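With mmCIF, C-alpha atoms inside, this is my_file_17.cif:
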data_protein
loop_
_atom_site.label_atom_id
_atom_site.label_comp_id
_atom_site.auth_asym_id
_atom_site.auth_seq_id
_atom_site.Cartn_x
_atom_site.Cartn_y
_atom_site.Cartn_z
CA MET A 244 -293.69 -139.25 214.85
CA ALA A 245 -295.68 -141.83 216.71
CA THR A 246 -293.58 -143.54 219.34
CA GLY A 247 -293.97 -145.15 222.70
CA GLU A 248 -295.13 -141.75 223.99
CA GLU A 249 -298.53 -142.51 222.54
CA GLU A 250 -298.82 -145.74 224.43
CA GLY A 251 -301.87 -145.90 226.59
CA ALA A 252 -304.14 -143.91 224.31
CA ALA A 253 -306.76 -146.09 222.66
CA VAL A 254 -306.48 -146.03 218.87
CA GLY A 255 -310.23 -145.96 218.32
CA ALA A 256 -310.93 -145.75 214.59
CA ASP A 257 -307.55 -144.23 213.74
CA LEU A 258 -305.99 -147.33 212.25
CA ARG A 259 -303.34 -147.33 209.56
CA GLN A 260 -301.39 -150.05 207.80
CA GLY A 261 -298.09 -150.34 209.64
CA ASP A 262 -299.45 -149.41 213.06
CA ILE A 263 -298.11 -151.59 215.84
CA LEU A 264 -300.75 -152.09 218.48
CA ARG A 265 -300.68 -153.45 222.00
CA LEU A 266 -303.74 -155.66 222.23
CA ASN A 267 -305.58 -156.45 225.38
CA PRO A 268 -306.06 -160.20 225.89
CA ILE A 269 -308.06 -161.45 222.90
CA GLY A 270 -309.36 -164.67 224.36
CA PRO A 271 -309.78 -167.58 221.95
CA ALA A 272 -309.40 -165.37 218.83
CA GLY A 273 -305.63 -165.93 218.79
CA ALA A 274 -305.65 -169.61 219.59
CA GLY A 275 -305.10 -170.69 215.99
CA VAL A 276 -301.95 -168.60 215.66
CA GLY A 277 -300.41 -169.44 219.01
CA LEU A 278 -301.41 -166.33 220.97
CA GLY A 279 -302.33 -167.11 224.56
CA PRO A 280 -305.88 -166.04 225.46
CA GLU A 281 -304.90 -164.16 228.61
CA GLU A 282 -301.75 -162.43 227.38
CA VAL A 283 -301.11 -158.96 226.01
CA HIS A 284 -299.77 -159.09 222.44
CA LEU A 285 -298.22 -156.72 219.97
CA VAL A 286 -299.60 -156.91 216.43
CA LEU A 287 -298.98 -155.20 213.11
CA VAL A 288 -301.95 -153.78 211.20
CA MET A 289 -301.69 -155.38 207.75
CA SER A 290 -304.97 -154.20 206.23
CA GLN A 291 -304.63 -151.33 203.81
CA THR A 292 -305.19 -148.00 205.48
CA CYS A 293 -308.39 -147.30 203.51
CA ASP A 294 -309.84 -150.64 204.64
CA ALA A 295 -308.60 -150.20 208.20
CA MET A 296 -310.27 -146.81 208.44
CA GLN A 297 -313.56 -147.51 206.65
CA ALA A 298 -316.35 -148.08 209.14
CA SER A 299 -318.12 -150.40 206.70
CA LYS A 300 -315.23 -152.88 206.91
CA GLU A 301 -315.88 -154.90 210.02
CA PHE A 302 -312.58 -156.76 210.31
CA CYS A 303 -308.93 -155.87 210.25
CA LEU A 304 -306.03 -158.14 209.32
CA VAL A 305 -303.17 -158.19 211.82
CA ALA A 306 -299.93 -160.15 212.25
CA PRO A 307 -298.28 -160.97 215.57
CA ILE A 308 -295.01 -159.24 216.42
CA LEU A 309 -292.34 -161.76 217.47
CA ARG A 310 -291.68 -161.47 221.20
CA ASP A 311 -287.97 -162.18 221.23
CA PRO A 312 -286.81 -162.56 217.64
CA SER A 313 -283.45 -164.27 217.19
CA ALA A 314 -280.65 -162.29 215.57
CA GLY A 315 -281.07 -164.54 212.55
CA ASP A 316 -284.78 -163.79 212.25
CA THR A 317 -284.16 -160.06 212.56
CA THR A 318 -281.50 -160.15 209.84
CA SER A 319 -283.64 -162.36 207.61
CA ALA A 320 -286.56 -159.99 208.04
CA LEU A 321 -284.36 -157.00 207.26
CA THR A 322 -282.89 -158.47 204.07
CA GLY A 323 -286.07 -160.21 202.99
CA LYS A 324 -284.55 -163.68 203.17
CA LYS A 325 -287.67 -164.91 204.94
CA PRO A 326 -290.53 -163.28 203.07
CA LEU A 327 -293.06 -163.98 205.82
CA LEU A 328 -291.02 -162.02 208.37
CA VAL A 329 -291.26 -158.25 207.96
CA HIS A 330 -288.81 -155.90 209.61
CA LEU A 331 -290.40 -152.76 211.04
CA HIS A 332 -288.78 -149.58 212.26
CA ASP A 333 -290.28 -146.18 212.97
CA GLY A 334 -286.98 -144.35 213.46
CA SER A 335 -287.40 -144.12 217.24
CA GLN A 336 -285.52 -145.97 219.96
CA SER A 337 -288.48 -148.26 220.57
CA GLY A 338 -287.98 -150.66 217.65
CA PRO A 339 -287.20 -152.51 215.58
CA TRP A 340 -289.91 -155.12 215.48
CA VAL A 341 -290.40 -158.26 213.40
CA ALA A 342 -293.91 -159.18 212.27
CA ASP A 343 -294.76 -162.77 211.43
CA LEU A 344 -297.11 -162.70 208.44
CA GLY A 345 -297.33 -166.49 208.55
CA ARG A 346 -299.57 -166.11 211.59
CA ALA A 347 -301.74 -163.30 210.25
CA PHE A 348 -305.36 -163.35 211.40
CA SER A 349 -308.45 -161.15 211.36
CA LEU A 350 -309.98 -159.43 214.33
CA PRO A 351 -313.17 -157.42 214.60
CA LYS A 352 -312.28 -153.74 214.63
CA SER A 353 -314.28 -153.37 217.82
CA GLN A 354 -311.59 -155.47 219.48
CA LEU A 355 -308.86 -153.16 218.18
CA ALA A 356 -310.54 -149.94 219.29
CA SER A 357 -309.35 -150.37 222.85
CA ALA A 358 -305.79 -151.30 221.84
CA SER A 359 -302.99 -148.78 222.35
CA ARG A 360 -300.62 -147.80 219.58
CA VAL A 361 -296.97 -148.59 220.26
CA ALA A 362 -295.62 -147.23 216.97
CA ARG A 363 -296.72 -145.86 213.62
CA ILE A 364 -294.42 -147.09 210.85
CA VAL A 365 -296.16 -145.14 208.09
CA GLN A 366 -296.43 -141.43 208.78
CA PHE A 367 -298.29 -140.50 205.58
CA ALA A 368 -300.58 -142.87 203.73
CA SER A 369 -299.08 -141.97 200.32
CA SER A 370 -295.47 -141.84 201.46
CA SER A 371 -292.58 -143.99 200.28
CA GLN A 372 -292.66 -145.70 203.71
CA ALA A 373 -296.21 -146.82 202.92
CA ARG A 374 -295.20 -148.12 199.51
CA ILE A 375 -292.20 -150.03 200.87
CA LEU A 376 -294.27 -151.62 203.64
CA GLY A 377 -297.03 -152.47 201.16
CA ALA A 378 -294.46 -154.04 198.83
CA ARG A 379 -292.98 -156.12 201.66
CA ILE A 380 -296.40 -157.37 202.74
CA GLY A 381 -297.42 -158.02 199.14
CA ARG A 382 -294.22 -159.91 198.41
CA ALA A 383 -295.10 -162.51 201.05
CA TYR A 384 -298.15 -163.54 199.06
CA SER A 385 -297.61 -162.61 195.44
CA ARG A 386 -294.23 -164.00 194.42
CA PHE A 387 -294.17 -165.87 191.14
CA PRO A 388 -293.59 -169.59 191.76
CA PHE A 389 -290.44 -170.06 189.69
CA PRO A 390 -290.10 -173.81 189.01
CA ASP A 391 -287.52 -175.48 191.28
CA GLU A 392 -285.75 -176.76 188.16
CA VAL A 393 -284.71 -173.23 187.27
CA GLN A 394 -282.72 -172.61 190.44
CA PRO A 395 -279.50 -174.52 189.49
CA VAL A 396 -278.90 -172.08 186.65
CA PHE A 397 -278.55 -169.24 189.15
CA ALA A 398 -276.54 -171.27 191.67
CA GLY A 399 -273.26 -169.83 190.36
CA VAL A 400 -274.34 -166.25 190.98
CA GLN A 401 -275.78 -167.29 194.33
CA SER A 402 -272.61 -169.01 195.54
CA GLN A 403 -270.44 -166.13 194.34
CA LEU A 404 -272.56 -163.66 196.29
CA ARG A 405 -272.88 -165.81 199.38
CA GLY A 406 -269.22 -166.85 199.36
CA LYS A 407 -266.39 -165.54 201.48
CA ALA A 408 -265.87 -162.28 199.62
CA GLY A 409 -269.41 -162.06 198.29
CA LYS A 410 -271.18 -159.76 200.67
CA ALA A 411 -268.63 -156.97 200.57
CA GLY A 412 -267.29 -157.87 197.14
CA ASN A 413 -267.46 -155.99 193.87
CA LEU A 414 -270.12 -158.28 192.41
CA SER A 415 -272.42 -157.65 195.36
CA LYS A 416 -271.93 -153.88 195.03
CA VAL A 417 -272.70 -154.00 191.34
CA ILE A 418 -275.74 -156.25 191.80
CA ASP A 419 -277.05 -153.75 194.33
CA LEU A 420 -276.89 -151.05 191.64
CA LEU A 421 -279.53 -152.95 189.70
CA GLU A 422 -283.02 -151.53 189.88
CA ASP A 423 -284.54 -154.91 189.22
CA ILE A 424 -283.65 -158.36 187.92
CA ARG A 425 -286.40 -159.81 185.76
CA VAL A 426 -286.76 -163.17 184.09
CA SER A 427 -288.96 -164.28 181.22
CA ALA A 428 -289.22 -167.62 179.46
CA ASP A 429 -290.75 -169.04 176.32
CA GLN A 430 -292.60 -171.38 178.72
CA TRP A 431 -292.23 -172.34 182.38
CA GLU A 432 -293.89 -175.73 182.74
CA LEU A 433 -291.69 -178.11 180.73
CA PRO A 434 -287.94 -178.79 180.29
CA CYS A 435 -285.97 -177.10 177.50
CA ARG A 436 -286.82 -173.63 178.76
CA ASN A 437 -285.24 -170.65 177.06
CA LEU A 438 -284.84 -167.86 179.59
CA ARG A 439 -284.12 -164.18 179.24
CA LEU A 440 -282.49 -162.57 182.26
CA VAL A 441 -282.83 -158.80 182.20
CA LEU A 442 -280.70 -156.72 184.52
CA ILE A 443 -282.31 -153.31 184.79
CA VAL A 444 -280.16 -150.31 185.63
CA SER A 445 -281.12 -146.68 186.09
CA GLY A 446 -280.84 -144.60 182.92
CA GLU A 447 -278.54 -142.34 184.91
CA VAL A 448 -275.85 -145.01 184.90
CA LEU A 449 -276.58 -146.79 181.63
CA ILE A 450 -276.81 -144.45 178.68
CA PRO A 451 -278.21 -145.47 175.29
CA LEU A 452 -275.71 -146.42 172.58
CA GLU A 453 -276.49 -143.23 170.66
CA ASP A 454 -275.37 -141.12 173.66
CA ILE A 455 -271.85 -142.55 173.70
CA ASP A 456 -269.07 -140.05 173.01
CA PRO A 457 -268.20 -140.65 169.32
CA ALA A 458 -264.51 -140.28 170.21
CA TRP A 459 -264.65 -142.94 172.97
CA THR A 460 -262.27 -145.91 172.80
CA TRP A 461 -261.68 -149.00 174.97
CA GLN A 462 -258.40 -147.47 176.17
CA ARG A 463 -260.30 -144.61 177.80
CA ILE A 464 -261.66 -146.93 180.51
CA CYS A 465 -260.07 -145.84 183.76
CA GLY A 466 -257.94 -148.63 185.25
CA ILE A 467 -257.85 -150.71 182.07
CA ARG A 468 -254.75 -152.89 181.55
CA ALA A 469 -253.23 -154.23 178.37
CA ASP A 470 -254.34 -157.77 179.25
CA ASP A 471 -257.98 -156.75 179.77
CA VAL A 472 -259.65 -158.09 176.64
CA PRO A 473 -263.28 -157.29 175.78
CA GLY A 474 -265.45 -160.35 176.26
CA GLU A 475 -262.80 -162.14 178.33
CA LEU A 476 -262.86 -160.22 181.61
CA ALA A 477 -263.37 -162.07 184.89
CA ILE A 478 -266.58 -161.12 186.65
CA ASP A 479 -264.81 -159.46 189.58
CA ARG A 480 -262.57 -157.50 187.23
CA VAL A 481 -265.54 -156.12 185.27
CA CYS A 482 -267.24 -155.15 188.51
CA GLU A 483 -264.09 -153.46 189.78
CA LEU A 484 -263.78 -151.42 186.56
CA LEU A 485 -267.47 -150.59 186.59
CA LEU A 486 -267.30 -149.19 190.11
CA VAL A 487 -264.18 -147.13 189.34
CA ASN A 488 -265.63 -145.64 186.16
CA LEU A 489 -269.00 -144.99 187.76
CA GLU A 490 -267.17 -143.03 190.41
CA ARG A 491 -265.61 -140.93 187.66
CA ASP A 492 -268.96 -140.41 185.92
CA ASP A 493 -267.50 -141.65 182.64
CA LEU A 494 -270.82 -142.83 181.25
CA SER A 495 -269.43 -143.91 177.87
CA SER A 496 -266.98 -146.30 179.56
CA VAL A 497 -269.68 -147.39 182.00
CA GLU A 498 -272.02 -148.26 179.13
CA CYS A 499 -269.37 -150.51 177.64
CA LEU A 500 -268.65 -152.10 181.01
CA TRP A 501 -272.31 -152.90 181.66
CA THR A 502 -272.29 -154.82 178.38
CA GLN A 503 -269.12 -156.61 179.50
CA PHE A 504 -270.78 -157.34 182.84
CA GLY A 505 -273.67 -159.10 181.08
CA ILE A 506 -271.21 -161.11 178.97
CA SER A 507 -269.05 -162.14 181.94
CA LEU A 508 -272.01 -162.98 184.15
CA TYR A 509 -273.32 -165.27 181.46
CA ARG A 510 -270.02 -166.87 180.46
CA LYS A 511 -268.57 -167.41 183.92
CA LEU A 512 -271.57 -168.01 186.17
CA ILE A 513 -274.56 -169.04 184.10
CA ALA A 514 -273.49 -170.85 180.90
CA PRO A 515 -271.65 -173.65 182.78
CA ARG A 516 -274.90 -174.50 184.58
CA LEU A 517 -277.24 -174.81 181.61
CA ASN A 518 -278.98 -178.18 181.55
CA VAL A 519 -281.95 -179.98 180.04
CA GLU A 520 -284.35 -177.94 182.13
CA VAL A 521 -282.92 -174.60 181.05
CA VAL A 522 -281.19 -174.87 177.71
CA SER A 523 -280.42 -171.22 177.15
CA VAL A 524 -280.27 -167.93 179.01
CA GLU A 525 -279.94 -164.61 177.27
CA VAL A 526 -278.49 -162.05 179.64
CA GLU A 527 -279.22 -158.45 178.84
CA VAL A 528 -278.40 -155.27 180.73
CA VAL A 529 -280.88 -152.52 179.92
CA SER A 530 -281.77 -149.16 181.39
CA ASP A 531 -285.10 -148.44 183.04
CA GLU A 532 -285.84 -146.18 180.06
CA GLU A 533 -285.46 -149.03 177.59
CA PHE A 534 -287.40 -151.72 179.45
CA THR A 535 -290.88 -151.65 177.99
CA PHE A 536 -294.27 -152.29 179.48
CA ARG A 537 -294.48 -155.36 177.25
CA ASP A 538 -291.19 -156.60 178.74
CA TYR A 539 -292.69 -155.99 182.16
CA ARG A 540 -295.84 -157.99 181.41
CA GLU A 541 -293.86 -160.95 180.09
CA SER A 542 -291.37 -161.12 182.95
CA GLU A 543 -291.21 -161.59 186.69
CA SER A 544 -288.91 -160.09 189.22
CA LEU A 545 -286.34 -162.69 190.15
CA ASP A 546 -286.73 -163.62 193.79
CA LEU A 547 -284.97 -166.86 194.55
CA GLU A 548 -286.52 -167.06 197.99
CA THR A 549 -289.53 -168.39 196.15
CA ILE A 550 -287.44 -171.35 195.09
CA SER A 551 -285.22 -171.91 198.09
CA ASP A 552 -286.68 -173.30 201.28
CA SER A 553 -288.63 -170.59 203.04
CA SER A 554 -290.75 -172.97 205.07
CA THR A 555 -289.18 -171.78 208.29
CA ALA A 556 -290.39 -168.22 207.70
CA MET B 231 -300.51 -104.70 178.08
CA LEU B 232 -301.21 -103.63 174.53
CA GLY B 233 -300.25 -105.86 171.71
CA VAL B 234 -300.94 -106.51 168.09
CA MET B 235 -301.05 -109.83 166.26
CA ARG B 236 -298.97 -109.90 163.10
CA LYS B 237 -298.37 -112.52 160.54
CA ASP B 238 -294.71 -113.10 159.97
CA THR B 239 -293.93 -115.94 157.59
CA SER B 240 -290.45 -116.46 158.96
CA VAL B 241 -291.43 -117.07 162.57
CA GLY B 242 -295.12 -117.86 162.42
CA ARG B 243 -297.72 -115.74 164.20
CA CYS B 244 -296.43 -113.55 167.00
CA LEU B 245 -298.04 -111.24 169.49
CA ILE B 246 -295.78 -108.19 169.45
CA PHE B 247 -296.14 -105.88 172.44
CA THR B 248 -295.77 -102.11 172.31
CA ASN B 249 -292.53 -102.36 174.26
CA GLY B 250 -291.09 -104.52 171.50
CA SER B 251 -291.18 -107.87 173.35
CA VAL B 252 -292.55 -110.84 171.49
CA LEU B 253 -294.84 -113.56 172.81
CA LYS B 254 -294.36 -116.67 170.75
CA THR B 255 -297.46 -118.49 169.70
CA PRO B 256 -297.79 -122.22 169.15
CA ALA B 257 -297.17 -121.79 165.43
CA GLN B 258 -293.56 -121.01 166.24
CA ARG B 259 -292.89 -124.07 168.32
CA PRO B 260 -292.54 -126.69 165.63
CA GLN B 261 -289.85 -124.60 164.03
CA SER B 262 -288.01 -124.13 167.31
CA ILE B 263 -288.02 -127.79 168.25
CA THR B 264 -287.01 -128.68 164.70
CA GLU B 265 -284.24 -126.12 164.90
CA LEU B 266 -283.04 -127.65 168.16
CA ARG B 267 -282.93 -131.07 166.60
CA ASP B 268 -281.34 -129.94 163.34
CA LEU B 269 -278.71 -127.72 164.95
CA SER B 270 -277.74 -130.25 167.61
CA GLY B 271 -277.55 -133.28 165.36
CA LEU B 272 -279.31 -135.23 168.11
CA THR B 273 -281.95 -137.87 167.43
CA ALA B 274 -285.57 -137.36 168.45
CA GLY B 275 -284.97 -139.81 171.31
CA GLN B 276 -282.03 -137.78 172.58
CA VAL B 277 -283.97 -134.53 172.30
CA GLY B 278 -286.75 -136.28 174.22
CA ARG B 279 -284.35 -137.10 177.05
CA LEU B 280 -283.40 -133.41 177.27
CA PHE B 281 -287.05 -132.75 178.14
CA GLY B 282 -287.84 -135.97 179.99
CA VAL B 283 -290.41 -136.97 177.35
CA SER B 284 -290.68 -139.72 174.75
CA ARG B 285 -289.47 -139.58 171.16
CA ARG B 286 -293.12 -139.66 170.17
CA SER B 287 -293.74 -136.42 172.07
CA ILE B 288 -290.91 -134.73 170.17
CA ASN B 289 -292.41 -135.84 166.87
CA HIS B 290 -295.81 -134.53 167.98
CA TRP B 291 -294.29 -131.19 169.00
CA MET B 292 -292.57 -130.97 165.63
CA ALA B 293 -295.95 -131.57 164.02
CA GLY B 294 -297.45 -128.68 166.01
CA LYS B 295 -298.92 -130.35 169.10
CA VAL B 296 -299.22 -128.02 172.11
CA MET B 297 -296.23 -127.91 174.45
CA SER B 298 -296.57 -127.07 178.13
CA PRO B 299 -295.17 -123.67 179.28
CA VAL B 300 -292.45 -125.40 181.29
CA HIS B 301 -291.27 -127.26 178.19
CA GLU B 302 -291.42 -124.06 176.11
CA GLU B 303 -289.14 -122.42 178.64
CA ARG B 304 -286.83 -125.39 178.53
CA LEU B 305 -286.81 -125.25 174.73
CA SER B 306 -285.73 -121.61 174.77
CA ARG B 307 -282.87 -122.37 177.16
CA LEU B 308 -281.71 -125.40 175.17
CA LEU B 309 -281.78 -123.45 171.92
CA LEU B 310 -279.58 -120.77 173.44
CA ILE B 311 -277.05 -123.40 174.53
CA VAL B 312 -277.03 -125.22 171.20
CA ARG B 313 -276.78 -122.01 169.17
CA GLY B 314 -273.74 -121.09 171.27
CA LEU B 315 -271.89 -124.36 170.63
CA GLN B 316 -268.72 -124.29 168.61
CA GLY B 317 -268.99 -126.10 165.30
CA SER B 318 -270.37 -125.38 161.89
CA THR B 319 -272.24 -128.63 161.25
CA PRO B 320 -274.78 -130.65 163.27
CA GLU B 321 -272.21 -133.45 163.52
CA GLU B 322 -269.64 -131.13 165.08
CA ARG B 323 -272.16 -129.74 167.54
CA ARG B 324 -273.34 -133.26 168.41
CA ALA B 325 -269.73 -134.26 169.06
CA ARG B 326 -269.37 -131.23 171.37
CA LEU B 327 -272.53 -132.17 173.23
CA LEU B 328 -271.45 -135.78 173.73
CA ASP B 329 -267.77 -135.09 174.43
CA SER B 330 -266.96 -136.83 177.72
CA SER B 331 -263.17 -136.66 177.54
CA ALA B 332 -263.06 -134.30 180.54
CA GLY B 333 -265.90 -135.69 182.63
CA PRO B 334 -269.65 -135.96 182.06
CA SER B 335 -270.71 -134.64 178.66
CA LEU B 336 -272.72 -131.43 178.33
CA PHE B 337 -275.57 -133.55 176.97
CA HIS B 338 -275.67 -135.67 180.12
CA GLU B 339 -275.42 -132.66 182.36
CA LEU B 340 -278.47 -131.27 180.58
CA VAL B 341 -280.31 -134.58 180.86
CA ALA B 342 -279.52 -134.64 184.59
CA GLN B 343 -281.38 -131.32 184.99
CA VAL B 344 -284.68 -133.01 184.19
CA THR B 345 -286.60 -133.64 187.38
CA PRO B 346 -288.06 -137.14 187.43
CA ALA B 347 -291.57 -137.81 188.69
CA GLU B 348 -291.91 -139.14 192.22
CA ARG B 349 -291.13 -142.81 192.33
CA LEU B 350 -294.12 -144.99 193.16
CA GLN B 351 -292.88 -148.49 192.38
CA VAL B 352 -290.42 -149.71 194.98
CA SER B 353 -288.53 -152.92 195.34
CA PRO B 354 -289.29 -154.78 198.56
CA ILE B 355 -285.73 -156.13 198.85
CA SER B 356 -282.31 -155.26 197.52
CA SER B 357 -281.12 -156.93 194.34
CA SER B 358 -278.33 -158.92 195.99
CA SER B 359 -280.78 -160.30 198.57
CA ARG B 360 -282.64 -162.01 195.75
CA PHE B 361 -279.88 -164.55 195.25
#
Take the structure in this file and express it as structure tokens.
Amino acid sequence: MATGEEEGAAVGADLRQGDILRLNPIGPAGAGVGLGPEEVHLVLVMSQTCDAMQASKEFCLVAPILRDPSAGDTTSALTGKKPLLVHLHDGSQSGPWVADLGRAFSLPKSQLASASRVARIVQFASSSQARILGARIGRAYSRFPFPDEVQPVFAGVQSQLRGKAGKAGNLSKVIDLLEDIRVSADQWELPCRNLRLVLIVSGEVLIPLEDIDPAWTWQRICGIRADDVPGELAIDRVCELLLVNLERDDLSSVECLWTQFGISLYRKLIAPRLNVEVVSVEVEVVSDEEFTFRDYRESESLDLETISDSSTA
Amino acid sequence: MLGVMRKDTSVGRCLIFTNGSVLKTPAQRPQSITELRDLSGLTAGQVGRLFGVSRRSINHWMAGKVMSPVHEERLSRLLLIVRGLQGSTPEERRARLLDSSAGPSLFHELVAQVTPAERLQVSPISSSSRF
């Protein structure tokens, strides 16, 4: 693994996306992004590895590493709350680092050849590390601009998650089980939108209806009480039951509870916030085996950071 | 190894070796996959999940499309399991396969054996961080 041990050796042409380089003073090249001409700077290589390595590509895109990131910036970078800040860690003691993509700039590769590598975040170009880093960089520039008017509809879910019990609560744990949250609409530009909110779960934890045990009944749900009525459960109660039954691997009960989760999420947190901008939301929980390529083309991954103020990132 | 090709109308064409072992030829496969489906009472979609393929693939296999050796091996193992299930009708065997009264059903244990392809699409942030 590349660590601080490699410091001092010039990188030459061996550049890879995710490399953190110590640049020699770059003169006026960094003036536009606030890098002093006479200082040594750390930068992240943002260019794709194939472009960074190809001799025919003259320039390489880099982003400054924050010198002393605040705890807030580090956390925001880690969770993705500020899309332009990317958290980087190579597993060694040297990191972590926070790259500021908002100040990305290009440098001639000749200027990078004499830089020394501080860390290599991506060990193999086709590894999952490479894909995660690529996705984080891509997210900063390719998020769908959900109209601001759509945000109030999700404010209930947001406040529940960000509230006192939200972060460690059952809802947060269940939301983190989702593979993706995707939204589609009949149209995005005018009021009276009809949305479809699709919560995608792994097929391992959401079985198709035809796979349900024919002998299954509502009473088989572990932890169920006499006053737990289908369609009437509080959101936290559904989440609690879901987590318990997932633990027991009772996939028939879990299937039913995912349906109840969709119903409760809609009834308790979304329906009360419908307005003239968004007149309806259909909430559906589906497995990754059921979500089709057509569904994918017509929808966008919900990322409310695109709506909320991310100007500080 | 010496072998002779024989036409057997009950099992399709087989290469029968001198030691008595039988190499199944593609002509036998549609019958085997159909037998698996008929015996188990499962839908084509459910049979597909036992192999990690689509319902369309199952229909193609039933129509005689070539199956990879790894799927042929899987088919043989699944047939053995289904033939050994208690029950005299497909409905009874299906109920046995899906019975989850004492933990995960046999069907889901079999589905869990399928190795998924390496995941290429990753999410840049966790789901709860999106709100």
Inset, instruction - Starting from the shown file, work through the PyMOL selection byres ((chain B and resi 333-349) around 10) and note down what comes out as a ChimeraX atom specification. - result: /A:371,374,447,450,454-456,491-495 /B:272,276-283,304,308,311,324-332,350-352
Please identify all residues of chain A having at least one atom at most 6 Å from any atom of chain B, considering only C-alpha atoms, and return them as a PDB file with C-alpha atoms, in the frame of the given file.
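As a result, out_18.pdb now contains:
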ATOM      1  CA  GLY A 323    -286.070-160.210 202.990  1.00  0.00           C
ATOM      2  CA  ALA A 378    -294.460-154.040 198.830  1.00  0.00           C
ATOM      3  CA  ARG A 379    -292.980-156.120 201.660  1.00  0.00           C
ATOM      4  CA  GLN A 401    -275.780-167.290 194.330  1.00  0.00           C
ATOM      5  CA  ILE A 418    -275.740-156.250 191.800  1.00  0.00           C
ATOM      6  CA  ASP A 419    -277.050-153.750 194.330  1.00  0.00           C
ATOM      7  CA  ASP A 456    -269.070-140.050 173.010  1.00  0.00           C
ATOM      8  CA  ASP A 492    -268.960-140.410 185.920  1.00  0.00           C
ATOM      9  CA  ASP A 546    -286.730-163.620 193.790  1.00  0.00           C
ATOM     10  CA  LEU A 547    -284.970-166.860 194.550  1.00  0.00           C
TER      11      LEU A 547
END
Legend entry - Selection under test: the PyMOL selection byres ((chain A and resi 423-430) around 7); residues as an MDAnalysis selection string: (chainID A and resid 421:422 431:432 436:443 541:545) or (chainID B and resid 357)
Expand the PyMOL selection byres ((chain A and resi 324) around 9) into the explicit residue set it covers here, and present it as a PDB file with C-alpha atoms, in the frame of the given file.
ATOM      1  CA  THR A 318    -281.500-160.150 209.840  1.00  0.00           C
ATOM      2  CA  SER A 319    -283.640-162.360 207.610  1.00  0.00           C
ATOM      3  CA  ALA A 320    -286.560-159.990 208.040  1.00  0.00           C
ATOM      4  CA  LEU A 321    -284.360-157.000 207.260  1.00  0.00           C
ATOM      5  CA  THR A 322    -282.890-158.470 204.070  1.00  0.00           C
ATOM      6  CA  GLY A 323    -286.070-160.210 202.990  1.00  0.00           C
ATOM      7  CA  LYS A 325    -287.670-164.910 204.940  1.00  0.00           C
ATOM      8  CA  PRO A 326    -290.530-163.280 203.070  1.00  0.00           C
ATOM      9  CA  LEU A 327    -293.060-163.980 205.820  1.00  0.00           C
ATOM     10  CA  LEU A 328    -291.020-162.020 208.370  1.00  0.00           C
ATOM     11  CA  GLU A 548    -286.520-167.060 197.990  1.00  0.00           C
ATOM     12  CA  SER A 553    -288.630-170.590 203.040  1.00  0.00           C
ATOM     13  CA  ALA A 556    -290.390-168.220 207.700  1.00  0.00           C
TER      14      ALA A 556
ATOM     15  CA  ILE B 355    -285.730-156.130 198.850  1.00  0.00           C
ATOM     16  CA  SER B 359    -280.780-160.300 198.570  1.00  0.00           C
ATOM     17  CA  ARG B 360    -282.640-162.010 195.750  1.00  0.00           C
TER      18      ARG B 360
END
Legend entry - Distance query Glu265 of chain B at most 12 Å, all atoms listed in the file, self and fewer than 2 positions along chain excluded, as number ranges by chain: B: 241, 258-263, 267-272, 274, 277, 291-292, 305-306, 308-310, 312-313, 320
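Take atom CA of Arg405 of chain A and atom CA of Asp391 of chain A: the distance between them is 19.3 Å.
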Legend entry - Coordinates-based distance that separates atom CA of Glu533 of chain A from atom CA of Arg307 of chain B (Å, one decimal): 26.8 Å
Inset, instruction - Find the distance between atom CA of Val393 of chain A and atom CA of Lys511 of chain A and write it in Å to one decimal. - result: 17.5 Å
Using 4 Å of padding on each side, determine the axis-aligned box around all atoms of segment 324-329 of chain A present in the file and give its centre and edge lengths in Å to one decimal, as JSON.
{"center_x": -288.8, "center_y": -161.6, "center_z": 205.7, "size_x": 16.5, "size_y": 14.7, "size_z": 13.3}
Legend entry - Selected residue, from A:Pro395, A:Gly446, A:Pro339, A:Pro351, that lies nearest to Leu512 of chain A when counting only C-alpha atoms: A:Pro395
Inset, instruction - Counting all atoms listed in the file, find the residues whose atoms lie at most 10 Å from (-270.5, -155.8, 184.2) (file coordinates) and write them out as a PyMOL selection string. - result: chain A and resi 414+417-418+476-486+497-508+528
Near segment 262-265 of chain A, within 9 Å and counting only C-alpha atoms, which residues show up once chain neighbours fewer than 2 positions away are dropped, as a short mmCIF file (atom, residue, chain, number, x, y, z; two decimals) with C-alpha atoms, keeping the file's coordinate frame?
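What follows is the written file selection_14.cif:
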data_model
loop_
_atom_site.label_atom_id
_atom_site.label_comp_id
_atom_site.auth_asym_id
_atom_site.auth_seq_id
_atom_site.Cartn_x
_atom_site.Cartn_y
_atom_site.Cartn_z
CA GLU A 250 -298.82 -145.74 224.43
CA GLY A 251 -301.87 -145.90 226.59
CA VAL A 254 -306.48 -146.03 218.87
CA LEU A 258 -305.99 -147.33 212.25
CA ARG A 259 -303.34 -147.33 209.56
CA GLN A 260 -301.39 -150.05 207.80
CA ASN A 267 -305.58 -156.45 225.38
CA VAL A 283 -301.11 -158.96 226.01
CA HIS A 284 -299.77 -159.09 222.44
CA LEU A 285 -298.22 -156.72 219.97
CA VAL A 286 -299.60 -156.91 216.43
CA LEU A 287 -298.98 -155.20 213.11
CA VAL A 288 -301.95 -153.78 211.20
CA MET A 289 -301.69 -155.38 207.75
CA ILE A 308 -295.01 -159.24 216.42
CA TRP A 340 -289.91 -155.12 215.48
CA LEU A 355 -308.86 -153.16 218.18
CA ALA A 358 -305.79 -151.30 221.84
CA SER A 359 -302.99 -148.78 222.35
CA ARG A 360 -300.62 -147.80 219.58
CA VAL A 361 -296.97 -148.59 220.26
CA ALA A 362 -295.62 -147.23 216.97
CA ARG A 363 -296.72 -145.86 213.62
CA ILE A 364 -294.42 -147.09 210.85
CA VAL A 365 -296.16 -145.14 208.09
#
